[in-house]
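J.: For reference, the structure I am asking about is given below.
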Amino acid sequence: MTRIAINKKRLLQIVPLGYTSIWELERAGKFPASFLLTERTRVWYLDEIEEWLEQRRAKAVPQNNLPDVRKRHTRPVRR
């Protein structure tokens, strides 16, 4: 089986997070680990990224747990 490695540019097209968020998740062990392909090229395995996204989808945050924005004291929502 051939594994496909993707670079940072492609990763950011697939994962809807900023690079800093991805970096922090990776450091915390909550995102697939990257590796250096060359001294300046960091890559991730595509199958690991897709599996991570599927796991996140399986335990998505329910919409009913979101805060009620109408109760905010600053920047209230217009009615």
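Residues in the structure tokens are numbered from 1 in each chain, the chains being A, B, ... in the order shown, and ligands are numbered from 1 in the order shown.
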Could you pull the residues within 12 Å of stretch 13-30 of chain A, counting only C-alpha atoms, minus those fewer than 2 positions along the same chain, as a list in words?
T.: Ile6, Asn7, Lys8, Lys9, Arg10, Leu11, Pro32, Ala33, Ser34, Phe35, Arg42, Trp44, Leu46, Asp47, Glu48, Ile49, Glu50, Glu51, Trp52, Leu53, Glu54, Gln55 and Arg56 of chain A
J.: As a list of chain:residue names, which residues of chain A does DSSP assign to strand (DSSP E or B)?
T.: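 Selection result, strand (DSSP E or B) within chain A: A:Ala5, A:Ile6, A:Asn7, A:Phe35, A:Leu36, A:Arg42, A:Val43, A:Trp44, A:Tyr45.
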J.: Can you work out the spacing between atom CA of A:Met1 and atom CA of A:Lys59 in Å, to one decimal?
T.: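 One can read the atom CA of A:Met1 to atom CA of A:Lys59 distance as 28.8 Å.
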J.: Using backbone DSSP assignments, extract all helix (DSSP H, G or I) residues from chain A; output them as a PyMOL selection string.
T.: chain A and resi 8-14+19-27+46-58+63-65+69-71
J.: Can you work out the spacing between atom CA of A:Arg3 and atom CA of A:Leu36 in Å, to one decimal?
T.: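 That distance, rounded to one decimal, is 15.3 Å.
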